[in-house]
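What's in model.pdb: PDB, C-alpha atoms and all ligand atoms
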```pdb
ATOM      1  CA  MET A   8      90.427  85.567  94.162  1.00  0.00           C
ATOM      2  CA  ALA A   9      88.451  84.676  97.253  1.00  0.00           C
ATOM      3  CA  PHE A  10      85.397  85.934  99.035  1.00  0.00           C
ATOM      4  CA  PHE A  11      83.595  85.783 102.314  1.00  0.00           C
ATOM      5  CA  THR A  12      80.275  86.993 103.597  1.00  0.00           C
ATOM      6  CA  HIS A  13      79.010  88.326 106.861  1.00  0.00           C
ATOM      7  CA  ARG A  14      75.840  89.808 108.324  1.00  0.00           C
ATOM      8  CA  VAL A  15      73.857  86.958 106.864  1.00  0.00           C
ATOM      9  CA  SER A  16      70.483  86.171 108.289  1.00  0.00           C
ATOM     10  CA  ARG A  17      70.684  83.849 111.256  1.00  0.00           C
ATOM     11  CA  SER A  18      67.491  82.059 110.266  1.00  0.00           C
ATOM     12  CA  PHE A  19      68.404  78.515 109.408  1.00  0.00           C
ATOM     13  CA  SER A  20      65.725  76.093 108.334  1.00  0.00           C
ATOM     14  CA  SER A  21      65.856  72.447 109.275  1.00  0.00           C
ATOM     15  CA  SER A  22      67.577  71.758 105.965  1.00  0.00           C
ATOM     16  CA  ALA A  23      70.251  74.318 106.931  1.00  0.00           C
ATOM     17  CA  VAL A  24      69.422  76.630 104.029  1.00  0.00           C
ATOM     18  CA  ARG A  25      70.497  80.191 104.831  1.00  0.00           C
ATOM     19  CA  SER A  26      68.591  83.263 103.783  1.00  0.00           C
ATOM     20  CA  VAL A  27      71.042  85.958 102.675  1.00  0.00           C
ATOM     21  CA  VAL A  28      70.129  89.522 101.771  1.00  0.00           C
ATOM     22  CA  ILE A  29      72.984  91.373 100.125  1.00  0.00           C
ATOM     23  CA  LYS A  30      72.677  95.092  99.469  1.00  0.00           C
ATOM     24  CA  ASN A  31      76.064  96.618 100.255  1.00  0.00           C
ATOM     25  CA  VAL A  32      78.986  95.044  98.422  1.00  0.00           C
ATOM     26  CA  MET A  33      82.627  95.910  98.964  1.00  0.00           C
ATOM     27  CA  VAL A  34      85.132  94.973  96.256  1.00  0.00           C
ATOM     28  CA  ILE A  35      88.788  95.202  97.243  1.00  0.00           C
ATOM     29  CA  GLY A  36      91.110  95.680  94.282  1.00  0.00           C
ATOM     30  CA  GLY A  37      90.044  97.907  91.416  1.00  0.00           C
ATOM     31  CA  GLY A  38      92.033  96.199  88.660  1.00  0.00           C
ATOM     32  CA  GLN A  39      90.687  94.159  85.785  1.00  0.00           C
ATOM     33  CA  MET A  40      88.768  91.665  87.942  1.00  0.00           C
ATOM     34  CA  GLY A  41      87.653  94.037  90.694  1.00  0.00           C
ATOM     35  CA  ALA A  42      86.354  96.691  88.310  1.00  0.00           C
ATOM     36  CA  GLY A  43      84.445  94.021  86.379  1.00  0.00           C
ATOM     37  CA  ILE A  44      82.928  92.591  89.561  1.00  0.00           C
ATOM     38  CA  ALA A  45      82.010  96.098  90.750  1.00  0.00           C
ATOM     39  CA  GLN A  46      80.341  96.822  87.406  1.00  0.00           C
ATOM     40  CA  VAL A  47      78.231  93.656  87.575  1.00  0.00           C
ATOM     41  CA  ALA A  48      77.252  94.273  91.213  1.00  0.00           C
ATOM     42  CA  ALA A  49      76.347  97.926  90.534  1.00  0.00           C
ATOM     43  CA  SER A  50      74.414  96.953  87.403  1.00  0.00           C
ATOM     44  CA  THR A  51      72.308  94.551  89.448  1.00  0.00           C
ATOM     45  CA  GLY A  52      71.312  97.303  91.882  1.00  0.00           C
ATOM     46  CA  HIS A  53      73.848  96.745  94.637  1.00  0.00           C
ATOM     47  CA  SER A  54      75.515  99.574  96.440  1.00  0.00           C
ATOM     48  CA  VAL A  55      79.224  99.021  95.750  1.00  0.00           C
ATOM     49  CA  THR A  56      82.272 100.357  97.559  1.00  0.00           C
ATOM     50  CA  LEU A  57      85.383  99.837  95.456  1.00  0.00           C
ATOM     51  CA  VAL A  58      88.612  99.829  97.472  1.00  0.00           C
ATOM     52  CA  ASP A  59      92.187 100.153  96.226  1.00  0.00           C
ATOM     53  CA  MET A  60      95.519 101.622  97.275  1.00  0.00           C
ATOM     54  CA  SER A  61      95.044 105.150  95.929  1.00  0.00           C
ATOM     55  CA  GLU A  62      92.400 107.542  94.657  1.00  0.00           C
ATOM     56  CA  ASP A  63      94.211 107.743  91.304  1.00  0.00           C
ATOM     57  CA  ILE A  64      93.893 103.987  90.785  1.00  0.00           C
ATOM     58  CA  LEU A  65      90.246 104.110  91.835  1.00  0.00           C
ATOM     59  CA  LYS A  66      89.444 106.980  89.483  1.00  0.00           C
ATOM     60  CA  LYS A  67      90.955 104.953  86.633  1.00  0.00           C
ATOM     61  CA  SER A  68      88.860 101.948  87.710  1.00  0.00           C
ATOM     62  CA  VAL A  69      85.663 103.996  87.631  1.00  0.00           C
ATOM     63  CA  LYS A  70      86.639 105.445  84.237  1.00  0.00           C
ATOM     64  CA  GLY A  71      87.126 101.874  83.049  1.00  0.00           C
ATOM     65  CA  ILE A  72      83.685 100.878  84.325  1.00  0.00           C
ATOM     66  CA  GLU A  73      82.178 103.924  82.614  1.00  0.00           C
ATOM     67  CA  GLY A  74      83.899 103.038  79.341  1.00  0.00           C
ATOM     68  CA  SER A  75      82.667  99.480  79.578  1.00  0.00           C
ATOM     69  CA  LEU A  76      79.087 100.633  80.266  1.00  0.00           C
ATOM     70  CA  LYS A  77      79.272 103.016  77.311  1.00  0.00           C
ATOM     71  CA  ARG A  78      80.163 100.087  75.080  1.00  0.00           C
ATOM     72  CA  VAL A  79      77.034  98.328  76.353  1.00  0.00           C
ATOM     73  CA  VAL A  80      75.011 101.493  75.655  1.00  0.00           C
ATOM     74  CA  LYS A  81      76.257 101.668  72.057  1.00  0.00           C
ATOM     75  CA  LYS A  82      74.591  98.344  71.372  1.00  0.00           C
ATOM     76  CA  LYS A  83      71.612  98.506  73.732  1.00  0.00           C
ATOM     77  CA  PHE A  84      70.582 102.132  73.289  1.00  0.00           C
ATOM     78  CA  ALA A  85      71.857 102.844  69.766  1.00  0.00           C
ATOM     79  CA  ASP A  86      68.833 105.001  68.898  1.00  0.00           C
ATOM     80  CA  LYS A  87      68.141 106.344  72.434  1.00  0.00           C
ATOM     81  CA  PRO A  88      71.274 108.249  73.557  1.00  0.00           C
ATOM     82  CA  GLU A  89      69.548 109.982  76.491  1.00  0.00           C
ATOM     83  CA  ALA A  90      68.258 106.703  77.871  1.00  0.00           C
ATOM     84  CA  GLY A  91      71.757 105.324  77.407  1.00  0.00           C
ATOM     85  CA  GLU A  92      73.322 108.160  79.407  1.00  0.00           C
ATOM     86  CA  GLU A  93      70.716 107.669  82.140  1.00  0.00           C
ATOM     87  CA  PHE A  94      71.534 103.953  82.187  1.00  0.00           C
ATOM     88  CA  VAL A  95      75.252 104.689  82.687  1.00  0.00           C
ATOM     89  CA  GLN A  96      74.730 107.356  85.368  1.00  0.00           C
ATOM     90  CA  LYS A  97      72.252 105.215  87.318  1.00  0.00           C
ATOM     91  CA  ILE A  98      74.787 102.395  87.544  1.00  0.00           C
ATOM     92  CA  LEU A  99      77.730 104.702  88.330  1.00  0.00           C
ATOM     93  CA  GLN A 100      75.705 106.220  91.180  1.00  0.00           C
ATOM     94  CA  ASN A 101      75.828 102.798  92.813  1.00  0.00           C
ATOM     95  CA  VAL A 102      79.638 102.885  92.929  1.00  0.00           C
ATOM     96  CA  SER A 103      81.621 104.741  95.557  1.00  0.00           C
ATOM     97  CA  ILE A 104      85.378 104.607  96.082  1.00  0.00           C
ATOM     98  CA  CYS A 105      87.467 104.296  99.217  1.00  0.00           C
ATOM     99  CA  THR A 106      91.128 103.683 100.073  1.00  0.00           C
ATOM    100  CA  ASP A 107      90.452 102.316 103.559  1.00  0.00           C
ATOM    101  CA  PRO A 108      88.708  98.938 103.854  1.00  0.00           C
ATOM    102  CA  ALA A 109      88.166  99.592 107.571  1.00  0.00           C
ATOM    103  CA  ALA A 110      85.728 102.378 106.710  1.00  0.00           C
ATOM    104  CA  ALA A 111      83.430 100.158 104.644  1.00  0.00           C
ATOM    105  CA  VAL A 112      83.684  96.655 106.124  1.00  0.00           C
ATOM    106  CA  PRO A 113      81.257  97.166 109.027  1.00  0.00           C
ATOM    107  CA  SER A 114      78.430  98.219 106.699  1.00  0.00           C
ATOM    108  CA  SER A 115      79.132  95.636 103.983  1.00  0.00           C
ATOM    109  CA  ASP A 116      76.978  92.539 103.499  1.00  0.00           C
ATOM    110  CA  LEU A 117      79.467  90.947 101.126  1.00  0.00           C
ATOM    111  CA  VAL A 118      83.191  91.575 100.746  1.00  0.00           C
ATOM    112  CA  LEU A 119      84.979  90.364  97.617  1.00  0.00           C
ATOM    113  CA  GLU A 120      88.738  90.343  97.291  1.00  0.00           C
ATOM    114  CA  ALA A 121      90.355  90.907  93.882  1.00  0.00           C
ATOM    115  CA  ILE A 122      93.802  92.235  94.768  1.00  0.00           C
ATOM    116  CA  VAL A 123      97.194  91.371  93.348  1.00  0.00           C
ATOM    117  CA  GLU A 124      98.051  87.662  93.069  1.00  0.00           C
ATOM    118  CA  ASN A 125     100.419  87.577  96.046  1.00  0.00           C
ATOM    119  CA  LEU A 126      99.684  85.152  98.887  1.00  0.00           C
ATOM    120  CA  LYS A 127     101.325  87.203 101.635  1.00  0.00           C
ATOM    121  CA  VAL A 128      99.513  90.397 100.590  1.00  0.00           C
ATOM    122  CA  LYS A 129      96.204  88.493 100.442  1.00  0.00           C
ATOM    123  CA  GLN A 130      96.799  86.878 103.869  1.00  0.00           C
ATOM    124  CA  ASP A 131      97.616  90.271 105.407  1.00  0.00           C
ATOM    125  CA  LEU A 132      94.428  91.741 103.956  1.00  0.00           C
ATOM    126  CA  PHE A 133      92.253  88.865 105.213  1.00  0.00           C
ATOM    127  CA  SER A 134      93.750  89.038 108.669  1.00  0.00           C
ATOM    128  CA  ARG A 135      92.848  92.772 108.791  1.00  0.00           C
ATOM    129  CA  LEU A 136      89.355  92.072 107.453  1.00  0.00           C
ATOM    130  CA  ASP A 137      88.774  89.320 110.028  1.00  0.00           C
ATOM    131  CA  LYS A 138      89.344  91.859 112.793  1.00  0.00           C
ATOM    132  CA  LEU A 139      87.042  94.438 111.194  1.00  0.00           C
ATOM    133  CA  ALA A 140      84.107  92.279 110.137  1.00  0.00           C
ATOM    134  CA  PRO A 141      81.293  91.620 112.582  1.00  0.00           C
ATOM    135  CA  ALA A 142      81.153  88.069 113.942  1.00  0.00           C
TER
HETATM  136  N1  LIG B 201      92.482  89.077  85.288  1.00  0.00           N
HETATM  137  C1  LIG B 201      91.997  87.826  85.160  1.00  0.00           C
HETATM  138  O1  LIG B 201      91.620  87.374  84.071  1.00  0.00           O
HETATM  139  C2  LIG B 201      91.860  86.944  86.396  1.00  0.00           C
HETATM  140  C3  LIG B 201      91.179  85.737  86.262  1.00  0.00           C
HETATM  141  C4  LIG B 201      90.998  84.943  87.401  1.00  0.00           C
HETATM  142  C5  LIG B 201      91.521  85.340  88.614  1.00  0.00           C
HETATM  143  N2  LIG B 201      92.190  86.511  88.715  1.00  0.00           N
HETATM  144  C6  LIG B 201      92.702  86.889  90.024  1.00  0.00           C
HETATM  145  O2  LIG B 201      92.008  88.055  90.484  1.00  0.00           O
HETATM  146  C7  LIG B 201      92.907  88.851  91.244  1.00  0.00           C
HETATM  147  C8  LIG B 201      92.994  90.250  90.633  1.00  0.00           C
HETATM  148  O3  LIG B 201      93.443  90.149  89.299  1.00  0.00           O
HETATM  149  P1  LIG B 201      93.460  91.405  88.316  1.00  0.00           P
HETATM  150  O4  LIG B 201      93.750  90.885  86.965  1.00  0.00           O
HETATM  151  O5  LIG B 201      92.256  92.244  88.523  1.00  0.00           O
HETATM  152  O6  LIG B 201      94.751  92.185  88.862  1.00  0.00           O
HETATM  153  P2  LIG B 201      95.156  93.704  88.639  1.00  0.00           P
HETATM  154  O7  LIG B 201      96.629  93.756  88.791  1.00  0.00           O
HETATM  155  O8  LIG B 201      94.516  94.234  87.397  1.00  0.00           O
HETATM  156  O9  LIG B 201      94.481  94.446  89.884  1.00  0.00           O
HETATM  157  C9  LIG B 201      94.870  94.239  91.197  1.00  0.00           C
HETATM  158  C10 LIG B 201      94.516  95.499  91.975  1.00  0.00           C
HETATM  159  O10 LIG B 201      94.698  95.236  93.357  1.00  0.00           O
HETATM  160  C11 LIG B 201      95.203  96.418  93.946  1.00  0.00           C
HETATM  161  N3  LIG B 201      95.802  96.071  95.233  1.00  0.00           N
HETATM  162  C12 LIG B 201      96.953  95.405  95.475  1.00  0.00           C
HETATM  163  N4  LIG B 201      97.133  95.242  96.800  1.00  0.00           N
HETATM  164  C13 LIG B 201      96.048  95.815  97.403  1.00  0.00           C
HETATM  165  C14 LIG B 201      95.647  95.962  98.753  1.00  0.00           C
HETATM  166  N5  LIG B 201      96.383  95.485  99.775  1.00  0.00           N
HETATM  167  N6  LIG B 201      94.477  96.587  99.027  1.00  0.00           N
HETATM  168  C15 LIG B 201      93.713  97.067  98.016  1.00  0.00           C
HETATM  169  N7  LIG B 201      94.041  96.943  96.711  1.00  0.00           N
HETATM  170  C16 LIG B 201      95.198  96.327  96.403  1.00  0.00           C
HETATM  171  C17 LIG B 201      96.174  96.973  92.913  1.00  0.00           C
HETATM  172  O11 LIG B 201      96.426  98.349  93.138  1.00  0.00           O
HETATM  173  C18 LIG B 201      95.400  96.703  91.624  1.00  0.00           C
HETATM  174  O12 LIG B 201      94.579  97.806  91.257  1.00  0.00           O
HETATM  175  C19 LIG B 201      94.260  88.137  91.251  1.00  0.00           C
HETATM  176  O13 LIG B 201      94.351  87.348  92.408  1.00  0.00           O
HETATM  177  C20 LIG B 201      94.172  87.279  90.008  1.00  0.00           C
HETATM  178  O14 LIG B 201      94.991  86.160  90.046  1.00  0.00           O
HETATM  179  C21 LIG B 201      92.364  87.332  87.632  1.00  0.00           C
END
```

Can you dump the structure from the file as structure tokens?
Amino acid sequence: MAFFTHRVSRSFSSSAVRSVVIKNVMVIGGGQMGAGIAQVAASTGHSVTLVDMSEDILKKSVKGIEGSLKRVVKKKFADKPEAGEEFVQKILQNVSICTDPAAAVPSSDLVLEAIVENLKVKQDLFSRLDKLAPA
């Protein structure tokens, strides 16, 4: 898995510390890793676009995230089911799905790659992303 960022603030201090504001996160690959990353990003208030090869895969990914959140709810909201449902829906609202990375890259502050462990496929994806991402 690898990642890169763009649209970071250009304000560098003398110590070269960068200020980065990340709101829109794109996660490419909705498998075990990607769905988990998307869940964490959505749970921390980020707007997440989850990208994979087909809508069917993505729907399964979102179902998986929902199931995982419901397991959290069972422990965290055992005696408050309505609050638990609200918790799940609020996080799921932060997740949208998309089969075309080109549609989401320009508006993403952070792009994370979690696709199949195949170097050629990863290189092809990164070469496409390099062309789409702002400088
Ligand atoms: N699962 C782990 O515990 C683990 C741990 C560390 C690192 N990783 C790494 O994370 C990456 C993902 O692992 P995983 O377990 O989630 O795999 P996975 O097989 O569960 O999911 C990979 C997903 O990528 C999608 N995909 C493949 N090519 C794509 C493309 N060109 N564009 C968009 N989506 C594409 C597949 O449809 C699939 O849904 C791999 O590189 C893996 O080595 C996994």

Problem set entry | Residues matched by the PyMOL selection byres (((chain A and resi 49-60) around 8) and not hetatm) as a ChimeraX atom specification | /A:29-37,41-42,45-48,61-62,64-65,98-99,101-108,111

Selection from above, C-alpha atoms, as a PDB file, keeping the file's coordinate frame, can you write it?
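As written to disk, out13.pdb reads:
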```pdb
ATOM      1  CA  ILE A  29      72.984  91.373 100.125  1.00  0.00           C
ATOM      2  CA  LYS A  30      72.677  95.092  99.469  1.00  0.00           C
ATOM      3  CA  ASN A  31      76.064  96.618 100.255  1.00  0.00           C
ATOM      4  CA  VAL A  32      78.986  95.044  98.422  1.00  0.00           C
ATOM      5  CA  MET A  33      82.627  95.910  98.964  1.00  0.00           C
ATOM      6  CA  VAL A  34      85.132  94.973  96.256  1.00  0.00           C
ATOM      7  CA  ILE A  35      88.788  95.202  97.243  1.00  0.00           C
ATOM      8  CA  GLY A  36      91.110  95.680  94.282  1.00  0.00           C
ATOM      9  CA  GLY A  37      90.044  97.907  91.416  1.00  0.00           C
ATOM     10  CA  GLY A  41      87.653  94.037  90.694  1.00  0.00           C
ATOM     11  CA  ALA A  42      86.354  96.691  88.310  1.00  0.00           C
ATOM     12  CA  ALA A  45      82.010  96.098  90.750  1.00  0.00           C
ATOM     13  CA  GLN A  46      80.341  96.822  87.406  1.00  0.00           C
ATOM     14  CA  VAL A  47      78.231  93.656  87.575  1.00  0.00           C
ATOM     15  CA  ALA A  48      77.252  94.273  91.213  1.00  0.00           C
ATOM     16  CA  SER A  61      95.044 105.150  95.929  1.00  0.00           C
ATOM     17  CA  GLU A  62      92.400 107.542  94.657  1.00  0.00           C
ATOM     18  CA  ILE A  64      93.893 103.987  90.785  1.00  0.00           C
ATOM     19  CA  LEU A  65      90.246 104.110  91.835  1.00  0.00           C
ATOM     20  CA  ILE A  98      74.787 102.395  87.544  1.00  0.00           C
ATOM     21  CA  LEU A  99      77.730 104.702  88.330  1.00  0.00           C
ATOM     22  CA  ASN A 101      75.828 102.798  92.813  1.00  0.00           C
ATOM     23  CA  VAL A 102      79.638 102.885  92.929  1.00  0.00           C
ATOM     24  CA  SER A 103      81.621 104.741  95.557  1.00  0.00           C
ATOM     25  CA  ILE A 104      85.378 104.607  96.082  1.00  0.00           C
ATOM     26  CA  CYS A 105      87.467 104.296  99.217  1.00  0.00           C
ATOM     27  CA  THR A 106      91.128 103.683 100.073  1.00  0.00           C
ATOM     28  CA  ASP A 107      90.452 102.316 103.559  1.00  0.00           C
ATOM     29  CA  PRO A 108      88.708  98.938 103.854  1.00  0.00           C
ATOM     30  CA  ALA A 111      83.430 100.158 104.644  1.00  0.00           C
TER      31      ALA A 111
END
```

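With only C-alpha atoms and all ligand atoms as the atoms that count, the minimum distance from ligand LIG 201 (chain B) to the choices A:Ile44, A:Val80, A:Pro88, A:Ser26 is reached by A:Ile44.
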
Axis-aligned box for all listed atoms of ligand LIG 201 (chain B), 3 Å per side, centre and edges in Å to one decimal, as JSON:
```
{"center_x": 94.1, "center_y": 91.6, "center_z": 91.9, "size_x": 12.1, "size_y": 19.4, "size_z": 21.7}
```

Exercise. For Ala142 of chain A, which residue among A:Ile122, A:Ala85, A:Val128, A:Val112 is the nearest when counting only C-alpha atoms?
Worked result: A:Val112

Exercise. So, counting all atoms listed in the file, which residue among A:Val95, A:Leu117, A:Met40, A:Ala140 is closest to ligand LIG 201 (chain B)?
Worked result: A:Met40

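Counting from atom O2 of ligand LIG 201 (chain B), the distance to atom CA of Lys83 of chain A is 28.4 Å.
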
Exercise. Which residues fall under the PyMOL selection byres (((chain A and resi 139) around 9) and not hetatm) in this file, as a list in words?
Worked result: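 Residues picked by the PyMOL selection byres (((chain A and resi 139) around 9) and not hetatm): Pro108, Ala109, Val112, Pro113, Ser134, Arg135, Leu136, Asp137, Lys138, Ala140 and Pro141 of chain A.
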
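Checking A:Gly38, A:Glu120, A:Gln96, A:Ser114 one by one against Lys66 of chain A, counting all atoms listed in the file, you find the shortest gap at A:Gly38.
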
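Using only C-alpha atoms, the shortest contact distance between Val69 of chain A and any of A:Glu92, A:Phe84, A:Gly43, A:Asp116 is found at A:Gly43.
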
For this session: For atom CA of Gln130 of chain A and atom CA of Lys70 of chain A, quote the distance in Å rounded to one decimal.
Result: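 It comes out at 28.9 Å.
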
Exercise. From the set A:Leu126, A:Leu76, A:Ala90, A:Ala121, which residue has the shortest atom-to-atom contact distance to ligand LIG 201 (chain B), counting only C-alpha atoms and all ligand atoms?
Worked result: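 The shortest atom-to-atom distance to ligand LIG 201 (chain B) comes from A:Ala121.
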
For this session: May I ask for the distance between atom N2 of ligand LIG 201 (chain B) and atom CA of Asp63 of chain A, given in Å to one decimal place?
Result: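 The value is 21.5 Å.
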